[in-house]
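Engineer: You'll find run29.json just under this line, and it carries JSON, C-alpha atoms.
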[["chain", "number", "residue", "atom", "x", "y", "z"],
["A", 24, "MET", "CA", 96.62, 2.87, 23.13],
["A", 25, "LYS", "CA", 97.01, 3.86, 19.57],
["A", 26, "SER", "CA", 95.68, 0.51, 18.36],
["A", 27, "LYS", "CA", 92.70, 0.87, 20.71],
["A", 28, "LYS", "CA", 91.75, 4.17, 19.09],
["A", 29, "ILE", "CA", 92.09, 2.62, 15.64],
["A", 30, "ILE", "CA", 89.71, -0.23, 16.59],
["A", 31, "ILE", "CA", 87.10, 2.24, 17.97],
["A", 32, "GLY", "CA", 87.35, 4.28, 14.76],
["A", 33, "VAL", "CA", 86.85, 1.19, 12.58],
["A", 34, "VAL", "CA", 83.77, 0.12, 14.64],
["A", 35, "ALA", "CA", 82.26, 3.60, 14.30],
["A", 36, "ILE", "CA", 82.77, 3.59, 10.51],
["A", 37, "ILE", "CA", 81.15, 0.13, 10.22],
["A", 38, "ALA", "CA", 78.18, 1.34, 12.33],
["A", 39, "ILE", "CA", 77.69, 4.40, 10.09],
["A", 40, "ILE", "CA", 77.88, 2.26, 6.94],
["A", 41, "GLY", "CA", 75.27, -0.12, 8.48],
["A", 42, "ILE", "CA", 72.86, 2.73, 9.25],
["A", 43, "ILE", "CA", 73.22, 4.09, 5.68],
["A", 44, "LEU", "CA", 72.48, 0.65, 4.21],
["A", 45, "ILE", "CA", 69.37, 0.23, 6.42],
["A", 46, "ILE", "CA", 68.01, 3.66, 5.37],
["A", 47, "LYS", "CA", 68.54, 2.83, 1.68],
["A", 48, "THR", "CA", 66.74, -0.51, 2.06],
["A", 49, "ILE", "CA", 63.71, 1.15, 3.72],
["A", 50, "ALA", "CA", 63.61, 3.82, 1.00],
["A", 51, "LYS", "CA", 63.59, 1.14, -1.72],
["A", 52, "ARG", "CA", 60.79, -0.80, -0.08],
["A", 53, "GLY", "CA", 58.61, 2.31, 0.33],
["A", 54, "PRO", "CA", 55.78, 2.73, 2.90],
["A", 55, "LYS", "CA", 53.75, -0.30, 3.91],
["A", 56, "LYS", "CA", 50.70, -0.83, 1.79],
["A", 57, "ALA", "CA", 47.63, 1.04, 3.10],
["A", 58, "VAL", "CA", 45.57, -2.03, 2.36],
["A", 59, "ALA", "CA", 46.12, -3.33, 5.83],
["A", 60, "ALA", "CA", 43.37, -1.17, 7.40],
["A", 61, "GLY", "CA", 41.04, -1.77, 4.47],
["A", 62, "GLN", "CA", 41.69, -5.48, 4.59],
["A", 63, "ILE", "CA", 40.92, -5.58, 8.31],
["A", 64, "LYS", "CA", 37.55, -3.84, 7.62],
["A", 65, "LYS", "CA", 36.76, -6.34, 4.86],
["A", 66, "ASP", "CA", 37.57, -9.22, 7.16],
["A", 67, "LEU", "CA", 35.35, -7.74, 9.85],
["A", 68, "ASP", "CA", 32.53, -7.25, 7.35],
["A", 69, "LYS", "CA", 32.85, -10.87, 6.25],
["A", 70, "THR", "CA", 32.69, -12.01, 9.83],
["A", 71, "ALA", "CA", 29.61, -9.84, 10.48],
["A", 72, "ALA", "CA", 27.99, -11.17, 7.33],
["A", 73, "LYS", "CA", 28.22, -14.72, 8.60],
["A", 74, "ARG", "CA", 24.85, -15.35, 10.19],
["A", 75, "VAL", "CA", 24.84, -17.24, 13.46],
["A", 76, "ILE", "CA", 21.81, -19.54, 13.53],
["A", 77, "SER", "CA", 20.50, -20.97, 16.80],
["A", 78, "LYS", "CA", 20.69, -24.69, 17.39],
["A", 79, "GLY", "CA", 17.79, -26.58, 15.85],
["A", 80, "LYS", "CA", 16.75, -23.62, 13.65],
["A", 81, "GLY", "CA", 17.16, -22.50, 10.07],
["A", 82, "GLY", "CA", 17.19, -18.98, 8.62],
["A", 83, "LEU", "CA", 15.01, -17.31, 5.99],
["A", 84, "THR", "CA", 15.90, -14.00, 4.31],
["A", 85, "VAL", "CA", 13.40, -12.64, 1.78],
["A", 86, "ILE", "CA", 14.71, -10.05, -0.69],
["A", 87, "MET", "CA", 12.24, -7.81, -2.56],
["A", 88, "ARG", "CA", 12.61, -4.81, -4.85],
["A", 89, "ASN", "CA", 10.20, -2.04, -5.78],
["A", 90, "SER", "CA", 9.55, -0.38, -9.16],
["A", 91, "LYS", "CA", 12.89, 1.48, -8.92],
["A", 92, "ASN", "CA", 14.76, -1.82, -8.40],
["A", 93, "THR", "CA", 15.57, -0.84, -4.81],
["A", 94, "GLU", "CA", 15.47, -3.36, -1.96],
["A", 95, "VAL", "CA", 12.56, -2.57, 0.34],
["A", 96, "PRO", "CA", 11.90, -3.77, 3.91],
["A", 97, "MET", "CA", 8.26, -4.75, 3.37],
["A", 98, "ARG", "CA", 6.51, -6.55, 6.21],
["A", 99, "ILE", "CA", 6.37, -10.34, 5.87],
["A", 100, "LYS", "CA", 4.37, -13.05, 7.63],
["A", 101, "ALA", "CA", 5.60, -16.67, 7.55],
["A", 102, "PHE", "CA", 3.14, -19.58, 7.84],
["A", 103, "LYS", "CA", 4.41, -23.12, 8.46],
["A", 104, "VAL", "CA", 2.78, -25.62, 6.10],
["A", 105, "LEU", "CA", 0.89, -28.41, 7.90],
["A", 106, "ASP", "CA", -0.51, -30.26, 4.89],
["A", 107, "SER", "CA", -1.60, -29.62, 1.30],
["A", 108, "LYS", "CA", -4.57, -27.54, 2.50],
["A", 109, "SER", "CA", -3.39, -25.59, 5.53],
["A", 110, "SER", "CA", -0.59, -23.65, 7.20],
["A", 111, "VAL", "CA", -0.25, -21.88, 10.57],
["A", 112, "TYR", "CA", 1.29, -18.53, 11.50],
["A", 113, "ALA", "CA", 4.94, -18.86, 12.57],
["A", 114, "ALA", "CA", 6.62, -15.43, 12.57],
["A", 115, "SER", "CA", 6.70, -11.85, 11.29],
["A", 116, "THR", "CA", 9.73, -10.14, 9.81],
["A", 117, "VAL", "CA", 10.73, -7.63, 7.14],
["A", 118, "GLY", "CA", 12.52, -7.87, 3.80],
["A", 119, "SER", "CA", 16.34, -8.29, 3.69],
["A", 120, "ARG", "CA", 16.47, -9.40, 7.34],
["A", 121, "MET", "CA", 17.09, -13.01, 8.36],
["A", 122, "GLN", "CA", 14.36, -14.65, 10.44],
["A", 123, "GLU", "CA", 15.07, -17.85, 12.36],
["A", 124, "LEU", "CA", 12.49, -20.56, 11.82],
["A", 125, "VAL", "CA", 11.98, -24.19, 12.76],
["A", 126, "PRO", "CA", 13.05, -26.33, 9.76],
["A", 127, "GLY", "CA", 10.14, -27.02, 7.43],
["A", 128, "VAL", "CA", 8.16, -25.68, 4.46],
["A", 129, "TYR", "CA", 6.60, -22.22, 4.63],
["A", 130, "ASP", "CA", 4.16, -19.96, 2.83],
["A", 131, "ILE", "CA", 4.96, -16.26, 3.12],
["A", 132, "GLU", "CA", 2.63, -13.28, 2.80],
["A", 133, "ILE", "CA", 4.25, -10.00, 1.76],
["A", 134, "ASP", "CA", 2.61, -6.69, 2.57],
["A", 135, "THR", "CA", 2.26, -5.34, -0.96],
["A", 136, "VAL", "CA", -0.91, -3.72, -2.35],
["A", 137, "PRO", "CA", -2.77, -6.01, -2.58],
["A", 138, "GLN", "CA", -1.02, -8.56, -0.32],
["A", 139, "LYS", "CA", 0.62, -11.45, -2.14],
["A", 140, "ILE", "CA", 1.46, -15.02, -1.03],
["A", 141, "TYR", "CA", 4.46, -17.11, -2.11],
["A", 142, "LYS", "CA", 4.20, -20.82, -1.36],
["A", 143, "ASN", "CA", 6.39, -23.82, -0.49],
["A", 144, "ILE", "CA", 9.64, -22.18, 0.64],
["A", 145, "LYS", "CA", 11.88, -24.76, 2.33],
["A", 146, "VAL", "CA", 13.96, -23.86, 5.40],
["A", 147, "GLU", "CA", 16.73, -26.29, 6.42],
["A", 148, "GLN", "CA", 18.39, -26.67, 9.83],
["A", 149, "GLY", "CA", 21.62, -24.73, 10.30],
["A", 150, "ARG", "CA", 21.37, -23.01, 6.90],
["A", 151, "GLU", "CA", 20.15, -19.61, 5.72],
["A", 152, "ARG", "CA", 17.66, -19.72, 2.85],
["A", 153, "LYS", "CA", 17.81, -16.57, 0.71],
["A", 154, "GLU", "CA", 14.60, -16.16, -1.27],
["A", 155, "ASP", "CA", 15.00, -13.42, -3.89],
["A", 156, "LEU", "CA", 11.53, -12.48, -5.17],
["A", 157, "GLY", "CA", 12.95, -9.89, -7.54],
["A", 158, "CYS", "CA", 10.84, -6.84, -8.39],
["A", 159, "VAL", "CA", 7.42, -7.35, -6.81],
["A", 160, "THR", "CA", 5.68, -4.06, -7.67],
["A", 161, "GLY", "CA", 5.14, -1.48, -10.35],
["A", 162, "SER", "CA", 4.44, 2.21, -9.83],
["A", 163, "MET", "CA", 1.26, 4.06, -10.72],
["A", 164, "PHE", "CA", 0.78, 7.83, -10.96],
["A", 165, "ILE", "CA", -2.63, 9.29, -11.83],
["A", 166, "LYS", "CA", -2.12, 12.86, -13.03],
["A", 167, "THR", "CA", -4.99, 15.39, -12.95],
["A", 168, "ILE", "CA", -5.47, 19.16, -12.96],
["A", 169, "ASN", "CA", -8.49, 21.25, -11.97],
["A", 170, "SER", "CA", -10.24, 24.07, -13.82],
["A", 171, "LYS", "CA", -7.46, 26.50, -12.75],
["A", 172, "LYS", "CA", -4.84, 24.21, -14.36],
["A", 173, "THR", "CA", -3.22, 23.36, -11.01],
["A", 174, "PRO", "CA", -2.73, 19.79, -9.66],
["A", 175, "ALA", "CA", -6.01, 18.38, -8.33],
["A", 176, "TYR", "CA", -6.00, 15.88, -5.44],
["A", 177, "TYR", "CA", -9.07, 13.69, -5.83],
["A", 178, "PRO", "CA", -9.70, 10.49, -3.87],
["A", 179, "VAL", "CA", -9.30, 7.34, -5.97],
["A", 180, "ARG", "CA", -10.76, 3.87, -5.46],
["A", 181, "ILE", "CA", -8.67, 1.17, -7.17],
["A", 182, "LEU", "CA", -10.88, -1.73, -8.24],
["A", 183, "TYR", "CA", -10.45, -5.19, -9.67],
["A", 184, "PRO", "CA", -11.44, -4.98, -13.36],
["A", 185, "ASN", "CA", -15.16, -5.00, -14.19],
["A", 186, "THR", "CA", -16.18, -5.24, -10.51],
["A", 187, "ASN", "CA", -16.94, -2.95, -7.60],
["A", 188, "GLU", "CA", -14.45, -4.81, -5.37],
["A", 189, "MET", "CA", -11.91, -2.34, -4.00],
["A", 190, "VAL", "CA", -8.20, -3.18, -3.91],
["A", 191, "THR", "CA", -7.26, 0.00, -2.02],
["A", 192, "ALA", "CA", -7.99, 3.72, -1.81],
["A", 193, "TYR", "CA", -5.49, 6.38, -2.78],
["A", 194, "MET", "CA", -5.23, 9.88, -4.28],
["A", 195, "THR", "CA", -4.44, 11.50, -7.63],
["A", 196, "ASN", "CA", -1.04, 13.15, -8.20],
["A", 197, "LYS", "CA", 0.73, 10.78, -5.79],
["A", 198, "ALA", "CA", 2.85, 7.77, -6.79],
["A", 199, "MET", "CA", 1.81, 4.37, -5.50],
["A", 200, "GLU", "CA", 3.51, 0.95, -5.49],
["A", 201, "ILE", "CA", 1.14, -1.86, -6.49],
["A", 202, "ILE", "CA", 1.60, -5.45, -7.66],
["A", 203, "PRO", "CA", 1.40, -6.09, -11.42],
["A", 204, "GLY", "CA", -2.07, -6.56, -12.85],
["A", 205, "VAL", "CA", -4.99, -4.85, -14.57],
["A", 206, "TYR", "CA", -7.12, -2.39, -12.57],
["A", 207, "ASP", "CA", -10.04, 0.02, -12.88],
["A", 208, "PHE", "CA", -9.98, 3.46, -11.21],
["A", 209, "GLU", "CA", -12.90, 5.39, -9.76],
["A", 210, "ILE", "CA", -11.97, 9.07, -9.40],
["A", 211, "GLY", "CA", -13.89, 10.97, -6.73],
["A", 212, "THR", "CA", -14.86, 14.02, -8.74],
["A", 213, "SER", "CA", -18.47, 15.28, -8.70],
["A", 214, "PRO", "CA", -19.90, 13.23, -10.34],
["A", 215, "ARG", "CA", -17.47, 10.28, -10.17],
["A", 216, "GLN", "CA", -15.43, 9.41, -13.27],
["A", 217, "TYR", "CA", -13.79, 6.13, -14.29],
["A", 218, "LYS", "CA", -10.66, 4.88, -16.03],
["A", 219, "LYS", "CA", -10.80, 1.22, -17.10],
["A", 220, "ASN", "CA", -8.25, -1.54, -17.70],
["A", 221, "VAL", "CA", -5.02, 0.14, -16.62],
["A", 222, "LYS", "CA", -2.12, -2.34, -16.82],
["A", 223, "ILE", "CA", 0.64, -2.23, -14.18],
["A", 224, "VAL", "CA", 3.97, -3.95, -14.98],
["A", 225, "ALA", "CA", 6.64, -4.97, -12.43],
["A", 226, "GLY", "CA", 9.63, -2.61, -12.34],
["A", 227, "LYS", "CA", 7.95, 0.12, -14.40],
["A", 228, "GLU", "CA", 6.14, 3.39, -13.70],
["A", 229, "VAL", "CA", 2.78, 3.88, -15.39],
["A", 230, "ILE", "CA", 1.60, 7.50, -15.66],
["A", 231, "VAL", "CA", -2.12, 7.91, -16.37],
["A", 232, "ASP", "CA", -2.59, 11.53, -17.45],
["A", 233, "LEU", "CA", -6.29, 12.33, -17.18],
["A", 234, "GLY", "CA", -5.75, 16.03, -17.81],
["A", 235, "CYS", "CA", -8.48, 18.41, -16.67],
["A", 236, "LEU", "CA", -11.60, 16.59, -15.47],
["A", 237, "THR", "CA", -13.71, 19.45, -14.16],
["A", 238, "GLY", "CA", -15.09, 22.91, -14.62],
["A", 239, "SER", "CA", -15.88, 25.40, -11.87],
["A", 240, "LEU", "CA", -19.33, 26.53, -10.75],
["A", 241, "LEU", "CA", -19.68, 29.67, -8.63],
["A", 242, "VAL", "CA", -23.12, 30.26, -7.14],
["A", 243, "LYS", "CA", -23.32, 33.91, -6.07],
["A", 244, "ALA", "CA", -25.95, 35.07, -3.63],
["A", 245, "VAL", "CA", -26.23, 38.83, -3.11],
["A", 246, "ASP", "CA", -28.81, 41.07, -1.48],
["A", 247, "GLU", "CA", -30.30, 44.25, -2.98],
["A", 248, "ASN", "CA", -27.17, 46.14, -1.90],
["A", 249, "LYS", "CA", -24.92, 43.65, -3.74],
["A", 250, "LYS", "CA", -23.61, 42.32, -0.44],
["A", 251, "ASN", "CA", -22.54, 38.67, -0.53],
["A", 252, "MET", "CA", -24.85, 36.38, 1.44],
["A", 253, "ARG", "CA", -24.08, 32.87, 2.65],
["A", 254, "TYR", "CA", -26.65, 30.13, 1.96],
["A", 255, "SER", "CA", -26.50, 26.39, 1.36],
["A", 256, "VAL", "CA", -26.37, 25.25, -2.27],
["A", 257, "ARG", "CA", -27.49, 21.92, -3.70],
["A", 258, "VAL", "CA", -26.45, 20.73, -7.18],
["A", 259, "THR", "CA", -28.37, 17.94, -8.91],
["A", 260, "LYS", "CA", -28.11, 16.28, -12.32],
["A", 261, "ALA", "CA", -30.63, 17.83, -14.68],
["A", 262, "ASP", "CA", -31.72, 14.50, -16.21],
["A", 263, "THR", "CA", -31.89, 12.26, -13.12],
["A", 264, "ASN", "CA", -32.21, 14.75, -10.23],
["A", 265, "GLU", "CA", -29.35, 12.86, -8.48],
["A", 266, "ILE", "CA", -27.61, 15.02, -5.86],
["A", 267, "ILE", "CA", -24.06, 15.70, -7.06],
["A", 268, "SER", "CA", -22.78, 18.26, -4.57],
["A", 269, "SER", "CA", -23.76, 20.23, -1.49],
["A", 270, "SER", "CA", -21.83, 23.39, -0.73],
["A", 271, "SER", "CA", -22.39, 27.03, 0.09],
["A", 272, "SER", "CA", -22.87, 30.17, -1.96],
["A", 273, "ASN", "CA", -19.93, 32.35, -3.07],
["A", 274, "LYS", "CA", -17.59, 29.35, -2.96],
["A", 275, "PRO", "CA", -16.36, 27.62, -6.18],
["A", 276, "ILE", "CA", -17.50, 24.03, -6.74],
["A", 277, "GLU", "CA", -15.51, 21.69, -9.04],
["A", 278, "LEU", "CA", -17.88, 19.70, -11.27],
["A", 279, "GLY", "CA", -17.46, 17.32, -14.18],
["A", 280, "LYS", "CA", -18.84, 18.35, -17.56],
["A", 281, "GLY", "CA", -22.64, 18.21, -17.57],
["A", 282, "THR", "CA", -25.99, 19.94, -17.18],
["A", 283, "TYR", "CA", -27.18, 20.66, -13.64],
["A", 284, "ASN", "CA", -30.02, 22.14, -11.61],
["A", 285, "ILE", "CA", -28.96, 24.57, -8.88],
["A", 286, "ASP", "CA", -30.99, 25.10, -5.70],
["A", 287, "LEU", "CA", -30.18, 27.99, -3.37],
["A", 288, "LEU", "CA", -31.66, 27.15, 0.02],
["A", 289, "SER", "CA", -32.62, 30.71, 0.87],
["A", 290, "TYR", "CA", -35.99, 31.87, 2.25],
["A", 291, "PRO", "CA", -37.81, 31.21, 0.03],
["A", 292, "LYS", "CA", -35.76, 28.64, -1.93],
["A", 293, "GLN", "CA", -34.61, 29.71, -5.42],
["A", 294, "SER", "CA", -33.59, 27.47, -8.31],
["A", 295, "LYS", "CA", -32.03, 27.65, -11.76],
["A", 296, "LYS", "CA", -32.43, 24.81, -14.25],
["A", 297, "ASP", "CA", -30.21, 23.34, -16.97],
["A", 298, "VAL", "CA", -26.98, 25.11, -16.06],
["A", 299, "LYS", "CA", -24.18, 23.84, -18.31],
["A", 300, "VAL", "CA", -20.67, 23.31, -16.91],
["A", 301, "ASN", "CA", -17.74, 22.72, -19.29],
["A", 302, "VAL", "CA", -14.32, 21.26, -18.49],
["A", 303, "GLY", "CA", -11.69, 23.91, -17.76],
["A", 304, "GLU", "CA", -14.21, 26.78, -17.61],
["A", 305, "GLU", "CA", -15.86, 28.74, -14.80],
["A", 306, "LYS", "CA", -19.65, 29.13, -14.79],
["A", 307, "VAL", "CA", -21.15, 31.86, -12.58],
["A", 308, "VAL", "CA", -24.81, 31.70, -11.51],
["A", 309, "GLU", "CA", -26.19, 34.65, -9.54],
["A", 310, "PHE", "CA", -29.18, 34.86, -7.21],
["A", 311, "THR", "CA", -30.59, 37.99, -5.59],
["A", 312, "VAL", "CA", -31.95, 37.43, -2.10],
["A", 313, "GLN", "CA", -33.65, 39.59, 0.48],
["A", 314, "SER", "CA", -31.39, 40.80, 3.23],
["A", 315, "PRO", "CA", -32.47, 39.56, 6.65],
["A", 316, "PRO", "CA", -34.51, 42.05, 8.70],
["A", 317, "LYS", "CA", -32.59, 44.25, 11.13],
["A", 318, "PRO", "CA", -32.76, 43.20, 14.80],
["A", 319, "GLN", "CA", -34.69, 46.39, 15.84],
["A", 320, "ALA", "CA", -37.33, 45.78, 13.18],
["A", 321, "VAL", "CA", -37.79, 42.22, 14.39],
["A", 322, "LYS", "CA", -38.06, 43.40, 18.02],
["A", 323, "ALA", "CA", -40.65, 46.07, 17.09],
["A", 324, "LYS", "CA", -42.72, 43.51, 15.20],
["A", 325, "GLN", "CA", -42.65, 41.15, 18.20],
["A", 326, "GLN", "CA", -43.86, 43.99, 20.49],
["A", 327, "LEU", "CA", -46.79, 44.72, 18.16],
["A", 328, "LEU", "CA", -47.77, 41.06, 18.37]]
Would you kindly transcribe this structure into structure tokens?
Structural biologist:
Amino acid sequence: MKSKKIIIGVVAIIAIIGIILIIKTIAKRGPKKAVAAGQIKKDLDKTAAKRVISKGKGGLTVIMRNSKNTEVPMRIKAFKVLDSKSSVYAASTVGSRMQELVPGVYDIEIDTVPQKIYKNIKVEQGRERKEDLGCVTGSMFIKTINSKKTPAYYPVRILYPNTNEMVTAYMTNKAMEIIPGVYDFEIGTSPRQYKKNVKIVAGKEVIVDLGCLTGSLLVKAVDENKKNMRYSVRVTKADTNEIISSSSSNKPIELGKGTYNIDLLSYPKQSKKDVKVNVGEEKVVEFTVQSPPKPQAVKAKQQLL
């Protein structure tokens, strides 16, 4: 009995020593590396990145960047080349997304301003073709202020140089992405003004600061009691009699620097000639008009008739 107790005691001591050794070993090893979860995510990402291409097809991914070197999902049209002179529409997609295509040679049209075509891109069966076009646009910002020194939003026609052929229409004081090249601008002030031979470079922003382009003309129409009256106003160039603006009295009109004739379409019509407008200044022209007859007076006159 005594020996039995001794054996049990020895077994218990050995078990305790074993537990202590196991705890020490775990402490030395430290916690398992936290890379496991991260590694699993990486492996999943790699698996997702592997493009599955349908049987008998190839893949085309077009990568494009804007003036800030950021990938942009511009619209793309792919045309399958038939011969040296022609190609036919095959598919539409967007940048940075793979599009499955029948193996062959393609021309692609990207939806830049203006649209641009890249030719002879080969797509092979079972493989993804990555076509990196790099930076395809530059940025243009036409800066203007009005006679009150606040930003002025004028319509702009962007033209091919030395022509009247329009590339696109836009607005001052707004950034625009456009393919590299040389352009002329027609700014829709009254009268129109032009900026020639502006060069746009891929990956760069070009700021065209036109400053203040206009002065302000205020045509005041008042009756004998100095009450404001509303009539139509017509502004024409003094030298050519070309109509520059049509507006109404007591409302400011932004005009480019020049000499103008002002017609107030009252009854009867009144005019002032050779009115000078300077950039950044306000010009006030005042007309005195007869106040319209009172309704009772008109009624009495009609009864007499």
Engineer: Would you kindly return, as a PyMOL selection string, each protein, DNA or RNA residue with an atom no farther than 10 Å from any atom of Gly79 in chain A, considering all atoms listed in the file and excluding same-chain residues fewer than 4 positions away?
Structural biologist: chain A and resi 123-126+147-149
Engineer: Rank nothing, just name the residue among A:Thr237, A:Asn196, A:Thr259, A:Thr191 nearest to Asn284 in chain A, using all atoms listed in the file.
Structural biologist: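 Among the listed residues, A:Thr259 lies closest to Asn284 in chain A.
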Engineer: Of the residues A:Asp207, A:Ala114, A:Lys145, A:Ile168, which is the one nearest to Asn187 in chain A, using only C-alpha atoms?
Structural biologist: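 Ranked by minimum distance to Asn187 in chain A, first place goes to A:Asp207.
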Engineer: A:Lys280, A:Lys171, A:Lys103, A:Lys153: which is nearest Pro214 in chain A, counting only C-alpha atoms?
Structural biologist: A:Lys280
Engineer: When distances are computed from all atoms listed in the file, which of A:Met252, A:Val231, A:Val85, A:Leu278 shows the smallest separation from Gly157 in chain A?
Structural biologist: A:Val85
Engineer: Counting only C-alpha atoms, which residue out of A:Thr311, A:Asn220, A:Asn92, A:Thr186 sits closest to Ser294 in chain A?
Structural biologist: A:Thr311
Engineer: Of the residues A:Arg253, A:Ile165, A:Asp246, A:Gly238, which is the one nearest to Val302 in chain A, using all atoms listed in the file?
Structural biologist: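 With all atoms listed in the file as the atom set, the closest residue is A:Gly238.
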Engineer: Provide the CA of Val307 in chain A to CA of Gly279 in chain A distance in Å, to one decimal place.
Structural biologist: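 Taking CA of Val307 in chain A as the start and CA of Gly279 in chain A as the end point, the length is 15.1 Å.
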Engineer: Counting all atoms listed in the file, write as number ranges by chain all protein and nucleic acid residues lying at most 10 Å from (8.8, -2.7, -8.6) in the file's frame.
Structural biologist: A: 87-95, 157-162, 200-203, 223-228
Engineer: Take the residues from that selection and put them in a file with C-alpha atoms, as an mmCIF file, keeping the file's coordinate frame.
Structural biologist:
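Result file follows (selection-v9.cif):
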data_model
loop_
_atom_site.group_PDB
_atom_site.id
_atom_site.type_symbol
_atom_site.label_atom_id
_atom_site.label_comp_id
_atom_site.auth_asym_id
_atom_site.auth_seq_id
_atom_site.Cartn_x
_atom_site.Cartn_y
_atom_site.Cartn_z
ATOM 1 C CA MET A 87 12.240 -7.810 -2.560
ATOM 2 C CA ARG A 88 12.610 -4.810 -4.850
ATOM 3 C CA ASN A 89 10.200 -2.040 -5.780
ATOM 4 C CA SER A 90 9.550 -0.380 -9.160
ATOM 5 C CA LYS A 91 12.890 1.480 -8.920
ATOM 6 C CA ASN A 92 14.760 -1.820 -8.400
ATOM 7 C CA THR A 93 15.570 -0.840 -4.810
ATOM 8 C CA GLU A 94 15.470 -3.360 -1.960
ATOM 9 C CA VAL A 95 12.560 -2.570 0.340
ATOM 10 C CA GLY A 157 12.950 -9.890 -7.540
ATOM 11 C CA CYS A 158 10.840 -6.840 -8.390
ATOM 12 C CA VAL A 159 7.420 -7.350 -6.810
ATOM 13 C CA THR A 160 5.680 -4.060 -7.670
ATOM 14 C CA GLY A 161 5.140 -1.480 -10.350
ATOM 15 C CA SER A 162 4.440 2.210 -9.830
ATOM 16 C CA GLU A 200 3.510 0.950 -5.490
ATOM 17 C CA ILE A 201 1.140 -1.860 -6.490
ATOM 18 C CA ILE A 202 1.600 -5.450 -7.660
ATOM 19 C CA PRO A 203 1.400 -6.090 -11.420
ATOM 20 C CA ILE A 223 0.640 -2.230 -14.180
ATOM 21 C CA VAL A 224 3.970 -3.950 -14.980
ATOM 22 C CA ALA A 225 6.640 -4.970 -12.430
ATOM 23 C CA GLY A 226 9.630 -2.610 -12.340
ATOM 24 C CA LYS A 227 7.950 0.120 -14.400
ATOM 25 C CA GLU A 228 6.140 3.390 -13.700
#
Engineer: If I take CA of Lys260 in chain A and CA of Tyr290 in chain A, how far is one from the other in Å, to one decimal?
Structural biologist: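 Separating CA of Lys260 in chain A from CA of Tyr290 in chain A is a distance of 22.7 Å.
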Engineer: Would you pick out the contacts of Asp286 in chain A at 7 Å or less, using all atoms listed in the file, so that residues sharing its chain but fewer than 5 positions from it are not included, and give the list as number ranges by chain?
Structural biologist: A: 256-258, 293-295
Engineer: CA of Phe208 in chain A and CA of Gly303 in chain A are how many Å apart?
Structural biologist: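 Interatomic distance here is 21.5 Å.
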Engineer: Step by step: start from the point (3.0, -18.1, 9.5) in the file's coordinates, keep every protein, DNA or RNA residue that has an atom no farther than 9 Å from it, count all atoms listed in the file, and write the set as a list in words.
Structural biologist: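 Checking each residue against the 9 Å limit leaves Lys100, Ala101, Phe102, Lys103, Val104, Ser110, Val111, Tyr112, Ala113, Ala114, Ser115, Tyr129, Asp130, Ile131 and Glu132 of chain A.
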Engineer: What's the 12 Å shell around Lys249 in chain A, counting all atoms listed in the file, without same-chain residues fewer than 2 positions away, as a PDB file with C-alpha atoms, in the frame of the given file?
Structural biologist:
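Result went into part18.pdb, see below:
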ATOM      1  CA  LYS A 243     -23.320  33.910  -6.070  1.00  0.00           C
ATOM      2  CA  ALA A 244     -25.950  35.070  -3.630  1.00  0.00           C
ATOM      3  CA  VAL A 245     -26.230  38.830  -3.110  1.00  0.00           C
ATOM      4  CA  ASP A 246     -28.810  41.070  -1.480  1.00  0.00           C
ATOM      5  CA  GLU A 247     -30.300  44.250  -2.980  1.00  0.00           C
ATOM      6  CA  ASN A 251     -22.540  38.670  -0.530  1.00  0.00           C
ATOM      7  CA  MET A 252     -24.850  36.380   1.440  1.00  0.00           C
ATOM      8  CA  GLU A 309     -26.190  34.650  -9.540  1.00  0.00           C
ATOM      9  CA  PHE A 310     -29.180  34.860  -7.210  1.00  0.00           C
ATOM     10  CA  THR A 311     -30.590  37.990  -5.590  1.00  0.00           C
ATOM     11  CA  VAL A 312     -31.950  37.430  -2.100  1.00  0.00           C
ATOM     12  CA  GLN A 313     -33.650  39.590   0.480  1.00  0.00           C
ATOM     13  CA  SER A 314     -31.390  40.800   3.230  1.00  0.00           C
TER      14      SER A 314
END
Engineer: Near Thr212 in chain A, within 12 Å and counting all atoms listed in the file, which residues show up once chain neighbours fewer than 6 positions away are dropped, as a list in words?
Structural biologist: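 Non-adjacent residues within range: Thr167, Ile168, Asn169, Ala175, Tyr176, Tyr177, Pro178, Val179, Arg180, Met194, Thr195, Cys235, Leu236, Thr237, Gly238, Ser239, Ile267, Ser268, Ile276, Glu277, Leu278, Gly279 and Lys280 of chain A.
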